[in-house]
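What follows is model_26.tsv (TSV, C-alpha atoms).
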chain	number	residue	atom	x	y	z
A	1	MET	CA	50.49	3.94	-21.25
A	2	LYS	CA	50.90	6.31	-18.34
A	3	ALA	CA	49.95	9.92	-17.95
A	4	ARG	CA	51.51	12.22	-15.42
A	5	VAL	CA	49.57	15.29	-14.34
A	6	HIS	CA	51.19	18.18	-12.51
A	7	VAL	CA	48.79	20.42	-10.61
A	8	MET	CA	50.15	23.70	-9.26
A	9	LEU	CA	48.60	26.81	-7.81
A	10	LYS	CA	48.32	29.53	-10.43
A	11	ASP	CA	50.97	32.24	-10.42
A	12	GLY	CA	49.89	34.98	-8.06
A	13	VAL	CA	47.83	32.69	-5.81
A	14	LEU	CA	49.43	32.79	-2.39
A	15	ASP	CA	50.68	29.36	-1.31
A	16	PRO	CA	50.77	29.29	2.49
A	17	GLN	CA	52.16	25.74	2.56
A	18	GLY	CA	54.95	26.53	0.14
A	19	GLU	CA	55.78	29.59	2.21
A	20	ALA	CA	55.98	27.45	5.37
A	21	VAL	CA	58.32	25.02	3.61
A	22	ARG	CA	60.50	27.94	2.46
A	23	HIS	CA	60.67	29.22	6.02
A	24	ALA	CA	61.59	25.77	7.35
A	25	LEU	CA	64.37	25.41	4.77
A	26	GLY	CA	65.75	28.75	5.91
A	27	THR	CA	65.68	27.53	9.50
A	28	LEU	CA	67.70	24.47	8.43
A	29	GLY	CA	70.39	26.72	7.01
A	30	PHE	CA	69.45	26.57	3.31
A	31	ALA	CA	69.80	30.29	2.82
A	32	GLY	CA	69.44	30.44	-0.96
A	33	VAL	CA	65.76	29.55	-1.31
A	34	GLN	CA	63.82	32.55	-2.56
A	35	GLY	CA	60.47	30.87	-2.98
A	36	VAL	CA	58.71	27.49	-2.73
A	37	ARG	CA	55.52	26.45	-4.49
A	38	GLN	CA	53.93	23.15	-3.54
A	39	GLY	CA	51.79	21.14	-5.93
A	40	LYS	CA	50.60	17.64	-6.73
A	41	VAL	CA	51.68	14.94	-9.14
A	42	ILE	CA	49.00	12.48	-10.21
A	43	GLU	CA	49.94	9.39	-12.24
A	44	LEU	CA	47.33	7.57	-14.26
A	45	ASP	CA	47.55	4.13	-15.87
A	46	LEU	CA	45.63	4.28	-19.12
A	47	VAL	CA	44.25	1.70	-21.49
A	48	GLY	CA	44.98	2.26	-25.19
A	49	SER	CA	47.90	3.49	-27.25
A	50	ASP	CA	46.70	6.69	-28.95
A	51	LYS	CA	48.76	9.38	-27.25
A	52	ALA	CA	46.86	12.34	-28.65
A	53	ALA	CA	43.50	10.87	-27.64
A	54	ALA	CA	44.87	10.04	-24.19
A	55	GLU	CA	46.14	13.55	-23.68
A	56	ALA	CA	42.78	15.04	-24.67
A	57	GLU	CA	41.02	12.65	-22.28
A	58	VAL	CA	43.37	13.46	-19.38
A	59	ARG	CA	42.92	17.20	-20.01
A	60	ALA	CA	39.17	16.68	-19.72
A	61	MET	CA	39.79	14.86	-16.41
A	62	CYS	CA	41.81	17.83	-15.18
A	63	GLU	CA	39.08	20.30	-16.10
A	64	LYS	CA	36.36	18.21	-14.44
A	65	LEU	CA	38.08	16.89	-11.34
A	66	LEU	CA	41.86	16.71	-11.02
A	67	ALA	CA	42.44	20.47	-10.85
A	68	ASN	CA	40.34	23.32	-9.52
A	69	THR	CA	40.94	25.80	-12.31
A	70	VAL	CA	39.78	28.68	-10.14
A	71	ILE	CA	43.10	28.50	-8.28
A	72	GLU	CA	45.15	25.79	-9.98
A	73	LYS	CA	46.87	25.20	-13.32
A	74	TYR	CA	47.85	21.81	-14.67
A	75	SER	CA	50.09	20.20	-17.23
A	76	VAL	CA	49.75	16.75	-18.78
A	77	GLU	CA	52.59	14.50	-19.84
A	78	ILE	CA	52.03	11.18	-21.61
A	79	VAL	CA	54.89	8.84	-20.71
B	80	MET	CA	8.45	23.39	4.06
B	81	LYS	CA	10.82	20.56	3.25
B	82	ALA	CA	14.55	20.58	3.82
B	83	ALA	CA	16.86	17.86	2.52
B	84	VAL	CA	20.14	17.26	4.35
B	85	ILE	CA	22.76	15.34	2.40
B	86	THR	CA	25.18	12.93	4.02
B	87	PHE	CA	28.49	12.03	2.39
B	88	PRO	CA	30.98	9.54	3.80
B	89	GLY	CA	32.84	11.76	6.28
B	90	SER	CA	30.07	14.30	6.90
B	91	ASN	CA	29.83	14.99	10.62
B	92	CYS	CA	27.51	18.00	10.96
B	93	ASP	CA	24.57	16.46	9.11
B	94	ARG	CA	22.59	15.66	12.24
B	95	ASP	CA	23.15	19.11	13.73
B	96	LEU	CA	22.02	20.69	10.48
B	97	ALA	CA	18.89	18.51	10.43
B	98	VAL	CA	18.07	19.52	14.01
B	99	ALA	CA	18.55	23.22	13.18
B	100	PHE	CA	16.14	22.94	10.24
B	101	GLU	CA	13.63	20.98	12.35
B	102	ARG	CA	13.69	23.51	15.16
B	103	ALA	CA	12.93	26.24	12.65
B	104	GLY	CA	9.83	24.30	11.60
B	105	ALA	CA	10.99	22.44	8.49
B	106	GLN	CA	10.26	18.83	7.71
B	107	VAL	CA	13.70	17.28	7.24
B	108	LEU	CA	14.48	14.48	4.83
B	109	ARG	CA	17.90	12.85	5.03
B	110	VAL	CA	19.51	12.08	1.68
B	111	TRP	CA	22.45	9.76	0.95
B	112	HIS	CA	25.17	10.84	-1.47
B	113	LYS	CA	24.48	7.91	-3.78
B	114	ASP	CA	20.86	8.95	-4.27
B	115	THR	CA	20.35	10.35	-7.74
B	116	GLU	CA	17.28	12.47	-7.01
B	117	LEU	CA	16.21	14.76	-4.19
B	118	PRO	CA	12.89	13.84	-2.56
B	119	ALA	CA	9.91	15.46	-4.29
B	120	GLY	CA	8.97	18.93	-3.11
B	121	VAL	CA	12.23	19.84	-1.40
B	122	ASP	CA	12.52	23.60	-0.86
B	123	VAL	CA	16.01	23.84	0.56
B	124	VAL	CA	19.01	21.52	0.39
B	125	GLY	CA	21.53	21.56	3.23
B	126	ILE	CA	25.09	20.42	2.57
B	127	PRO	CA	26.70	19.83	5.95
B	128	GLY	CA	30.15	20.26	7.37
B	129	GLY	CA	32.64	17.50	7.90
B	130	PHE	CA	35.37	15.86	5.89
B	131	SER	CA	33.59	14.34	2.92
B	132	PHE	CA	35.67	11.61	1.32
B	133	GLY	CA	38.48	12.40	3.75
B	134	ASP	CA	39.22	15.70	2.00
B	135	TYR	CA	40.99	13.59	-0.65
B	136	LEU	CA	42.27	15.47	-3.72
B	137	ARG	CA	40.79	18.79	-2.48
B	138	CYS	CA	38.19	19.53	0.18
B	139	GLY	CA	34.76	18.90	-1.34
B	140	ALA	CA	36.08	17.88	-4.78
B	141	ILE	CA	34.91	14.27	-4.72
B	142	ALA	CA	31.59	15.07	-3.04
B	143	ALA	CA	30.89	17.65	-5.74
B	144	GLN	CA	30.99	14.85	-8.33
B	145	SER	CA	28.83	12.41	-6.35
B	146	PRO	CA	25.51	11.16	-7.78
B	147	ILE	CA	23.44	13.52	-5.60
B	148	GLY	CA	25.59	16.43	-6.83
B	149	ALA	CA	23.87	16.49	-10.21
B	150	ALA	CA	20.47	16.60	-8.48
B	151	VAL	CA	21.61	19.51	-6.27
B	152	LYS	CA	22.75	21.40	-9.38
B	153	ARG	CA	19.35	20.83	-11.03
B	154	HIS	CA	17.63	22.04	-7.84
B	155	ALA	CA	19.75	25.21	-7.86
B	156	ALA	CA	19.14	25.74	-11.59
B	157	ARG	CA	15.39	25.60	-10.88
B	158	GLY	CA	15.86	28.44	-8.40
B	159	GLY	CA	15.89	26.20	-5.33
B	160	HIS	CA	17.68	27.21	-2.14
B	161	VAL	CA	20.94	25.51	-1.16
B	162	LEU	CA	22.81	26.11	2.09
B	163	GLY	CA	26.37	24.81	2.33
B	164	ILE	CA	28.19	25.08	5.64
B	165	CYS	CA	31.92	24.59	6.08
B	166	ASN	CA	32.72	21.49	3.99
B	167	GLY	CA	29.34	22.19	2.36
B	168	PHE	CA	30.67	25.59	1.25
B	169	GLN	CA	33.74	23.88	-0.19
B	170	VAL	CA	31.48	21.43	-2.03
B	171	LEU	CA	29.43	24.29	-3.51
B	172	THR	CA	32.52	26.06	-4.86
B	173	GLU	CA	33.78	22.76	-6.30
B	174	MET	CA	30.38	22.25	-7.96
B	175	GLY	CA	30.66	25.70	-9.49
B	176	LEU	CA	27.46	26.89	-7.77
B	177	LEU	CA	29.44	29.57	-5.95
B	178	PRO	CA	32.50	31.50	-7.17
B	179	GLY	CA	35.97	31.32	-5.67
B	180	ALA	CA	37.72	28.58	-3.72
B	181	LEU	CA	38.59	27.76	-0.10
B	182	MET	CA	42.32	27.40	0.41
B	183	ARG	CA	44.44	26.30	3.36
B	184	ASN	CA	44.18	28.75	6.29
B	185	ALA	CA	46.86	31.42	6.04
B	186	GLY	CA	48.27	30.35	9.42
B	187	LEU	CA	48.25	26.69	8.26
B	188	LYS	CA	46.53	25.57	11.46
B	189	PHE	CA	43.11	24.02	11.95
B	190	ILE	CA	41.02	26.70	13.66
B	191	CYS	CA	38.29	25.71	16.08
B	192	LYS	CA	36.84	28.65	17.98
B	193	THR	CA	33.90	31.00	18.14
B	194	VAL	CA	34.32	34.09	16.00
B	195	GLU	CA	32.37	37.27	15.45
B	196	LEU	CA	30.66	37.71	12.11
B	197	GLN	CA	29.15	40.84	10.70
B	198	VAL	CA	25.95	40.39	8.74
B	199	ALA	CA	27.04	42.04	5.47
B	200	THR	CA	23.66	41.94	3.71
B	201	THR	CA	20.12	41.25	4.83
B	202	ASP	CA	18.91	40.90	1.26
B	203	CYS	CA	18.48	37.12	1.16
B	204	ALA	CA	16.31	34.52	2.87
B	205	TYR	CA	19.23	33.41	5.05
B	206	THR	CA	20.02	36.75	6.64
B	207	CYS	CA	16.62	38.48	6.61
B	208	GLY	CA	16.26	37.55	10.30
B	209	TYR	CA	19.22	39.74	11.26
B	210	ALA	CA	19.73	43.50	11.34
B	211	ALA	CA	22.11	44.95	8.76
B	212	GLY	CA	25.58	45.17	10.25
B	213	GLN	CA	24.60	43.03	13.23
B	214	VAL	CA	27.50	41.17	14.81
B	215	ILE	CA	26.82	37.55	15.74
B	216	LYS	CA	28.93	34.88	17.41
B	217	VAL	CA	29.32	31.65	15.46
B	218	PRO	CA	31.94	28.90	15.74
B	219	VAL	CA	34.39	28.03	12.98
B	220	ALA	CA	36.10	24.64	12.71
B	221	HIS	CA	38.16	24.31	9.58
B	222	HIS	CA	41.60	23.89	8.07
B	223	ASP	CA	40.71	25.24	4.64
B	224	GLY	CA	38.57	28.33	5.02
B	225	ASN	CA	40.76	30.90	3.34
B	226	TYR	CA	38.35	32.31	0.76
B	227	THR	CA	40.16	33.11	-2.48
B	228	ALA	CA	38.90	34.56	-5.73
B	229	ASP	CA	40.32	36.75	-8.48
B	230	ALA	CA	40.01	40.52	-8.23
B	231	GLU	CA	37.22	40.63	-10.79
B	232	THR	CA	35.12	38.11	-8.87
B	233	LEU	CA	35.67	39.93	-5.58
B	234	ALA	CA	34.61	43.22	-7.18
B	235	GLN	CA	31.52	41.57	-8.62
B	236	LEU	CA	30.55	40.03	-5.27
B	237	GLN	CA	30.93	43.43	-3.66
B	238	ALA	CA	29.04	45.29	-6.40
B	239	GLU	CA	26.17	42.79	-6.32
B	240	ASP	CA	25.99	42.77	-2.51
B	241	ARG	CA	26.65	39.04	-2.46
B	242	VAL	CA	28.87	38.84	0.63
B	243	ALA	CA	26.54	37.48	3.31
B	244	PHE	CA	28.94	37.46	6.28
B	245	ARG	CA	32.34	38.96	7.01
B	246	TYR	CA	34.74	38.11	9.84
B	247	VAL	CA	35.16	40.91	12.33
B	248	ALA	CA	38.70	39.62	13.05
B	249	ASN	CA	39.86	37.54	10.09
B	250	PRO	CA	40.98	34.13	11.42
B	251	ASN	CA	42.08	32.40	8.21
B	252	GLY	CA	43.31	34.98	5.68
B	253	ALA	CA	40.08	35.00	3.67
B	254	MET	CA	40.09	37.73	1.03
B	255	GLY	CA	37.87	40.66	1.96
B	256	ASP	CA	37.27	39.01	5.36
B	257	ILE	CA	34.65	36.94	3.52
B	258	ALA	CA	32.99	34.24	5.63
B	259	GLY	CA	29.99	33.55	3.39
B	260	VAL	CA	28.88	34.31	-0.17
B	261	LEU	CA	25.64	34.18	-2.14
B	262	SER	CA	24.90	33.06	-5.68
B	263	ALA	CA	23.76	35.62	-8.25
B	264	ASN	CA	20.10	34.74	-7.56
B	265	ARG	CA	20.78	34.99	-3.79
B	266	ARG	CA	19.39	31.50	-3.14
B	267	VAL	CA	22.62	29.57	-2.70
B	268	LEU	CA	24.64	30.45	0.39
B	269	GLY	CA	28.00	29.00	1.33
B	270	MET	CA	29.63	29.90	4.63
B	271	MET	CA	32.56	28.55	6.64
B	272	PRO	CA	31.21	29.24	10.17
B	273	HIS	CA	28.68	26.84	11.68
B	274	PRO	CA	25.31	28.51	12.46
B	275	GLU	CA	23.77	25.06	13.03
B	276	ARG	CA	25.96	24.68	16.13
B	277	VAL	CA	24.47	27.74	17.77
B	278	VAL	CA	20.72	27.26	17.68
B	279	ASP	CA	20.27	26.47	21.36
B	280	ALA	CA	21.56	28.59	24.25
B	281	ALA	CA	22.07	25.38	26.22
B	282	THR	CA	24.88	24.37	23.86
B	283	GLY	CA	26.83	27.59	23.71
B	284	GLY	CA	24.77	30.20	21.92
B	285	ALA	CA	21.73	30.83	19.76
B	286	ASP	CA	22.96	33.41	17.24
B	287	GLY	CA	22.54	30.94	14.39
B	288	ALA	CA	18.85	30.29	15.06
B	289	ALA	CA	17.75	33.44	13.21
B	290	LEU	CA	19.35	32.17	10.00
B	291	PHE	CA	17.19	29.05	10.00
B	292	ALA	CA	14.09	30.80	11.35
B	293	GLY	CA	14.46	33.54	8.74
B	294	LEU	CA	14.98	31.06	5.92
B	295	ILE	CA	12.11	28.77	6.82
B	296	GLY	CA	9.83	31.73	7.60
B	297	LYS	CA	10.61	33.42	4.30
B	298	MET	CA	10.03	30.25	2.36
B	299	ALA	CA	6.77	29.51	4.14
B	300	LEU	CA	5.50	32.89	2.90
B	301	ALA	CA	6.66	32.26	-0.67
For this file, write the structure as structure tokens.
Amino acid sequence: MKARVHVMLKDGVLDPQGEAVRHALGTLGFAGVQGVRQGKVIELDLVGSDKAAAEAEVRAMCEKLLANTVIEKYSVEIV
Amino acid sequence: MKAAVITFPGSNCDRDLAVAFERAGAQVLRVWHKDTELPAGVDVVGIPGGFSFGDYLRCGAIAAQSPIGAAVKRHAARGGHVLGICNGFQVLTEMGLLPGALMRNAGLKFICKTVELQVATTDCAYTCGYAAGQVIKVPVAHHDGNYTADAETLAQLQAEDRVAFRYVANPNGAMGDIAGVLSANRRVLGMMPHPERVVDAATGGADGAALFAGLIGKMALA
């Protein structure tokens, strides 16, 4: 079983890297990009087959380590 | 007076920090990140600058979960002093010992230069050696020093006089020009600039010496 974690900056937290990417896209001629937010995807290989238990465990991992909840939000997908 | 200086894989200011403590009169004990206890009788723990664990995941995130991390948290919970500089500041926010987070510099570039800091409070052991409002010159060397916290936290820091240092000319986009913050009990200080690099005029300045002298002097009286 695999889990996929998306970590993104919370709404309202300024993302200087995303802003730089947006600017670069504009320079390349992609005029329609209003905003860019950059985040992380973390994939985990998990032992076991209980999806609900796995999701709870991965959420605990996010709270303790994978995300900094002061500035970041996360979502967990069991795939 | 005993100071413990922690070394993580990737720390690179640990020796400078040890020398700064020693010059101020402390006995310095070096501690490895895999140690599970601080040496007996440690008064202050120094968490040095550098790139612990290669800044993987987030700056300071892995170091905050290292075996010695739990011992540092117990030390702080007992009312012990902890000084985190640069990556050490990032580690302290990741440990939850200080509020807020250090994000990528607003200009996206690594900044390595001497900046002016205003001493924003003298009400703690770290800044008691300075005059209120004094401007000192201290180098910064970081890529992620953009202090960020929610409005409520910033208001609380301000109301409780917990901003230790502010940038005179903000180099990294830090909210409120914040360069260093204190814990609620005023015994944990995290700061991005490097006072340990300016404790000897022969190496570019001595404005940081008063931080260590003040700290060690205050603790010797306690």
Residues of chain A were defined as contacting chain B if any atom lay at most 9 Å from it, counting only C-alpha atoms; please report them as a JSON list (two decimals) with C-alpha atoms, in the frame of the given file.
[["chain", "number", "residue", "atom", "x", "y", "z"],
["A", 13, "VAL", "CA", 47.83, 32.69, -5.81],
["A", 14, "LEU", "CA", 49.43, 32.79, -2.39],
["A", 15, "ASP", "CA", 50.68, 29.36, -1.31],
["A", 16, "PRO", "CA", 50.77, 29.29, 2.49],
["A", 17, "GLN", "CA", 52.16, 25.74, 2.56],
["A", 20, "ALA", "CA", 55.98, 27.45, 5.37],
["A", 64, "LYS", "CA", 36.36, 18.21, -14.44],
["A", 65, "LEU", "CA", 38.08, 16.89, -11.34],
["A", 66, "LEU", "CA", 41.86, 16.71, -11.02],
["A", 67, "ALA", "CA", 42.44, 20.47, -10.85],
["A", 68, "ASN", "CA", 40.34, 23.32, -9.52],
["A", 70, "VAL", "CA", 39.78, 28.68, -10.14],
["A", 71, "ILE", "CA", 43.10, 28.50, -8.28]]
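Note that the spacing between atom CA of Arg241 of chain B and atom CA of His273 of chain B amounts to 18.8 Å.
Using all atoms listed in the file, the residues found no farther than 10 Å from His154 of chain B, other than those of its own chain fewer than 6 positions away, are Glu116, Leu117, Val121, Asp122, Val123, Val124, Gly148, His160 and Val161 of chain B.
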Using only C-alpha atoms, which protein or nucleic acid residues come within 10 Å of Thr200 of chain B? Drop anything in the same chain fewer than 5 positions from it, and give the result as a list in words. Tyr205, Thr206, Cys207, Tyr209, Ala210, Ala211, Gly212, Gln213, Asp240, Arg241, Val242, Ala243, Phe244, Arg245 and Leu261 of chain B
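In this structure, atom CA of Ala263 of chain B sits 10.9 Å away from atom CA of Cys203 of chain B.
Reported to one decimal place, the separation of atom CA of Gly39 of chain A from atom CA of Leu25 of chain A is 17.1 Å.
Every protein or nucleic acid residue with an atom no more than 8 Å from Met8 of chain A, counting all atoms listed in the file and leaving out same-chain residues fewer than 2 positions away, appears here: His6, Lys10, Arg37, Gln38, Gly39, Lys40, Glu72, Lys73 and Tyr74 of chain A.
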As lines of an AutoDock Vina configuration file, what would the box around segment 210-229 of chain B look like: edges along x, y and z, 8 Å added on every side, centre and edge lengths in Å to one decimal?
center_x = 30.7
center_y = 34.5
center_z = 4.5
size_x = 37.9
size_y = 37.3
size_z = 41.9
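Counting all atoms listed in the file, the residue from A:Leu9, A:Gly29, A:His23, A:Glu77 that sits nearest to Ala54 of chain A is A:Glu77.
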